[in-house]
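Colleague: Before I ask anything, here is the structure I am working with.
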Amino acid sequence: MTLPLLPPWFDSARDEVNAALGAGRLAHGLLIHENPGAGGLELARWIAQRVNCGIPARAPCGECQECRWVALDQHPDVKRLSPEEDSTQILIGQVRDLSAELALTAHGRGYKVAIVAPAEAMNHFAANALLKTLEEPPARTLVLLVTSQPSRLLPTLRSRCSRLRLAGPSREDAAAFLEATRGAGAWAEALAATGAGPFALLDADPSALAQLRTDTITTLRDIGSGNLQPPAVAEHWAKNELSIRLSCLESWVTERILESASIRDVTHLSEAALAPKICRLFEFSDAIRDMRKLAHTSINKTMAVEALLWRWARQ
Ligand SMILES: [Zn+2]
């Protein structure tokens with residue numbers, strides 16, 4: 001996908017890269033630490049265009065053949081590493097092939113670039129193999145590691161890289177970006193449903209996500225008021241879009257916590273009356289987060305969802 005314009009929340013990362021290049025001190029290894037869905041991969045592509053553009057005075061122009069190849073992941077000097085089909089990991093063989101490729105002379109006049117995304121998908125052996133390349137980097141090579149969870153990378157790998165932070169946009173900016181890229185839609189609701197940044201939603205159906213959010217929150221309210229019992233919905237939730245439903249719950253509960261906190265600031269309502277309510281919201285929020293961590297394991301999801309919803313029913 002070619003973006004019409006670089007999103008505004010890329011500005012500081014872009015300026016940092018331009019300054020480092022201008023001063024001739026761009027590191028061989030860059031760790032792009034993105035908030036989920038903020039566009040780390042897109043930033044990595046922009047950097048690859050920046051150092052390979054055919055019109056250096058306007059780099060990256062976005063229009064020359066080099067820039068277009070990078071945008072399509074077809075540039076001969078820009079390699080992308082991600083888990084292969086049927087795997088959740090980046091394996092050592094992939095990294096060895098990449099390192100051999102980086103050692104060769106560039107086809108064009110720019111840099112050889114490796115983009116590893118998501119970098120935390122490298123298993124231990126793969127990460128160690130990449131470390132060797134970063135310790136003795138061939139000239140004019142760049143290794144770009146894209147991750148939203150830098151703590152899951154080898155500490156030695158992290159210490160070999162310069163950190164480039166890409167924070168996510170506000171909900172409004174994210175919705176405006178999606179509207180400009182994909183057209184009108186229920187983007188604010190879709191963003192609230194997933195809790196992720198706009199790049200996670202580029203292929204999403206916003207109405208379906210908005211509907212799922214409405215359904216999830218309405219069901220939770222019905223459970224809270226006693227109109228619905230957890231066993232009536234647990235199995236359906238466990239089998240249908242559980243991870244998005246958990247994101248919907250988490251973002252909704254977070255909003256309620258913020259709301260309660262602001263009421264506390266501006267009114268004379270008794271703190272004693274509000275405190276237990278906020279405590280319960282925090283407890284429920286923790287329980288949702290624990291459940292999200294377990295949702296990818298082999299636990300009995302129906303039972304886990306039921307237990308989670310009973311916590312809300314008994315509040
Ligand atoms: Zn160009």
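In the structure tokens, chains take letters A, B, ... by order of appearance, with residues numbered from 1 within each chain and ligands from 1 in the order shown.
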Enumerate, in order of chain and increasing residue number, the residues of chain A with an atom no farther than 8 Å from ligand 1, each with its shortest atom pair and distance in Å to one decimal, counting only C-alpha atoms and all ligand atoms, as JSON lines.
Modeller:
{"residue": "A:Gln49", "atom": "CA", "partner": "ligand 1", "partner_atom_place_in_ligand_line": "1 (Zn)", "distance": 6.5}
{"residue": "A:Arg50", "atom": "CA", "partner": "ligand 1", "partner_atom_place_in_ligand_line": "1 (Zn)", "distance": 7.5}
{"residue": "A:Asn52", "atom": "CA", "partner": "ligand 1", "partner_atom_place_in_ligand_line": "1 (Zn)", "distance": 7.3}
{"residue": "A:Cys53", "atom": "CA", "partner": "ligand 1", "partner_atom_place_in_ligand_line": "1 (Zn)", "distance": 3.7}
{"residue": "A:Gly54", "atom": "CA", "partner": "ligand 1", "partner_atom_place_in_ligand_line": "1 (Zn)", "distance": 4.9}
{"residue": "A:Ile55", "atom": "CA", "partner": "ligand 1", "partner_atom_place_in_ligand_line": "1 (Zn)", "distance": 5.4}
{"residue": "A:Pro56", "atom": "CA", "partner": "ligand 1", "partner_atom_place_in_ligand_line": "1 (Zn)", "distance": 7.4}
{"residue": "A:Arg58", "atom": "CA", "partner": "ligand 1", "partner_atom_place_in_ligand_line": "1 (Zn)", "distance": 7.2}
{"residue": "A:Ala59", "atom": "CA", "partner": "ligand 1", "partner_atom_place_in_ligand_line": "1 (Zn)", "distance": 5.6}
{"residue": "A:Pro60", "atom": "CA", "partner": "ligand 1", "partner_atom_place_in_ligand_line": "1 (Zn)", "distance": 4.7}
{"residue": "A:Cys61", "atom": "CA", "partner": "ligand 1", "partner_atom_place_in_ligand_line": "1 (Zn)", "distance": 3.9}
{"residue": "A:Gly62", "atom": "CA", "partner": "ligand 1", "partner_atom_place_in_ligand_line": "1 (Zn)", "distance": 4.8}
{"residue": "A:Glu63", "atom": "CA", "partner": "ligand 1", "partner_atom_place_in_ligand_line": "1 (Zn)", "distance": 5.3}
{"residue": "A:Cys64", "atom": "CA", "partner": "ligand 1", "partner_atom_place_in_ligand_line": "1 (Zn)", "distance": 4.2}
{"residue": "A:Gln65", "atom": "CA", "partner": "ligand 1", "partner_atom_place_in_ligand_line": "1 (Zn)", "distance": 6.7}
{"residue": "A:Glu66", "atom": "CA", "partner": "ligand 1", "partner_atom_place_in_ligand_line": "1 (Zn)", "distance": 5.7}
{"residue": "A:Cys67", "atom": "CA", "partner": "ligand 1", "partner_atom_place_in_ligand_line": "1 (Zn)", "distance": 4.4}
{"residue": "A:Arg68", "atom": "CA", "partner": "ligand 1", "partner_atom_place_in_ligand_line": "1 (Zn)", "distance": 7.4}
Colleague: Take the residues from that selection and write them out as a short mmCIF file (atom, residue, chain, number, x, y, z; two decimals), in the first residue's frame, keeping N, CA, C and O atoms.
Modeller:
data_model
loop_
_atom_site.label_atom_id
_atom_site.label_comp_id
_atom_site.auth_asym_id
_atom_site.auth_seq_id
_atom_site.Cartn_x
_atom_site.Cartn_y
_atom_site.Cartn_z
N GLN A 49 13.21 3.60 1.94
CA GLN A 49 13.08 4.50 0.78
C GLN A 49 14.03 5.68 0.92
O GLN A 49 14.67 6.11 -0.04
N ARG A 50 14.12 6.18 2.15
CA ARG A 50 14.96 7.37 2.42
C ARG A 50 16.40 7.12 2.00
O ARG A 50 17.07 8.01 1.47
N ASN A 52 17.46 4.76 -0.14
CA ASN A 52 17.60 4.14 -1.47
C ASN A 52 16.96 4.94 -2.60
O ASN A 52 17.04 4.54 -3.76
N CYS A 53 16.31 6.04 -2.27
CA CYS A 53 15.57 6.81 -3.28
C CYS A 53 16.48 7.21 -4.45
O CYS A 53 17.65 7.57 -4.24
N GLY A 54 15.93 7.16 -5.66
CA GLY A 54 16.69 7.51 -6.86
C GLY A 54 16.87 9.02 -7.03
O GLY A 54 17.64 9.47 -7.88
N ILE A 55 16.15 9.81 -6.24
CA ILE A 55 16.27 11.28 -6.33
C ILE A 55 16.68 11.80 -4.95
O ILE A 55 15.84 12.28 -4.18
N PRO A 56 17.97 11.67 -4.60
CA PRO A 56 18.43 11.97 -3.23
C PRO A 56 17.98 13.34 -2.71
O PRO A 56 17.69 13.49 -1.53
N ARG A 58 15.27 14.77 -2.98
CA ARG A 58 13.87 14.75 -2.50
C ARG A 58 13.56 13.48 -1.70
O ARG A 58 12.39 13.14 -1.50
N ALA A 59 14.60 12.76 -1.28
CA ALA A 59 14.40 11.44 -0.69
C ALA A 59 13.61 11.48 0.61
O ALA A 59 13.89 12.32 1.46
N PRO A 60 12.64 10.61 0.77
CA PRO A 60 12.16 9.71 -0.26
C PRO A 60 11.05 10.36 -1.09
O PRO A 60 10.08 10.87 -0.54
N CYS A 61 11.22 10.32 -2.40
CA CYS A 61 10.24 11.00 -3.27
C CYS A 61 8.92 10.22 -3.33
O CYS A 61 7.87 10.79 -3.57
N GLY A 62 9.01 8.91 -3.13
CA GLY A 62 7.79 8.09 -3.17
C GLY A 62 7.35 7.76 -4.59
O GLY A 62 6.40 7.01 -4.78
N GLU A 63 8.05 8.33 -5.59
CA GLU A 63 7.59 8.16 -6.98
C GLU A 63 8.57 7.40 -7.86
O GLU A 63 8.18 6.79 -8.86
N CYS A 64 9.87 7.45 -7.52
CA CYS A 64 10.86 6.80 -8.39
C CYS A 64 10.70 5.28 -8.28
O CYS A 64 9.98 4.77 -7.42
N GLN A 65 11.42 4.58 -9.15
CA GLN A 65 11.30 3.13 -9.17
C GLN A 65 11.74 2.51 -7.84
O GLN A 65 11.11 1.59 -7.33
N GLU A 66 12.84 3.06 -7.28
CA GLU A 66 13.36 2.52 -6.02
C GLU A 66 12.29 2.63 -4.92
O GLU A 66 12.03 1.67 -4.20
N CYS A 67 11.71 3.82 -4.80
CA CYS A 67 10.68 4.04 -3.76
C CYS A 67 9.48 3.12 -3.98
O CYS A 67 8.93 2.57 -3.03
N ARG A 68 9.08 2.98 -5.25
CA ARG A 68 7.91 2.14 -5.52
C ARG A 68 8.20 0.68 -5.21
O ARG A 68 7.37 -0.03 -4.66
#
Colleague: Extract, using only C-alpha atoms, all DNA, RNA and protein residues at most 10 Å from A:Glu283, discarding same-chain residues fewer than 6 positions from it, and format them as a PyMOL selection string.
Modeller: chain A and resi 277+289+311-312
Colleague: Let me make sure I understand: among A:Glu42, A:Glu189, A:Glu255, A:Asp73, which one has the smallest atom-to-atom distance to A:Phe10 if we use only C-alpha atoms?
Modeller: A:Glu42
Colleague: Tell me, in Å to one decimal, how far atom CA of A:Ser99 is from atom CA of A:Ser87.
Modeller: 20.6 Å
Colleague: What are the DSSP strand (DSSP E or B) residues of stretch 25-189 of chain A, as JSON, numbers by chain?
Modeller: {"A": [29, 30, 31, 32, 33, 34, 78, 79, 80, 81, 90, 112, 113, 114, 115, 116, 122, 141, 142, 143, 144, 145, 146, 147, 162, 163, 164, 165, 166]}
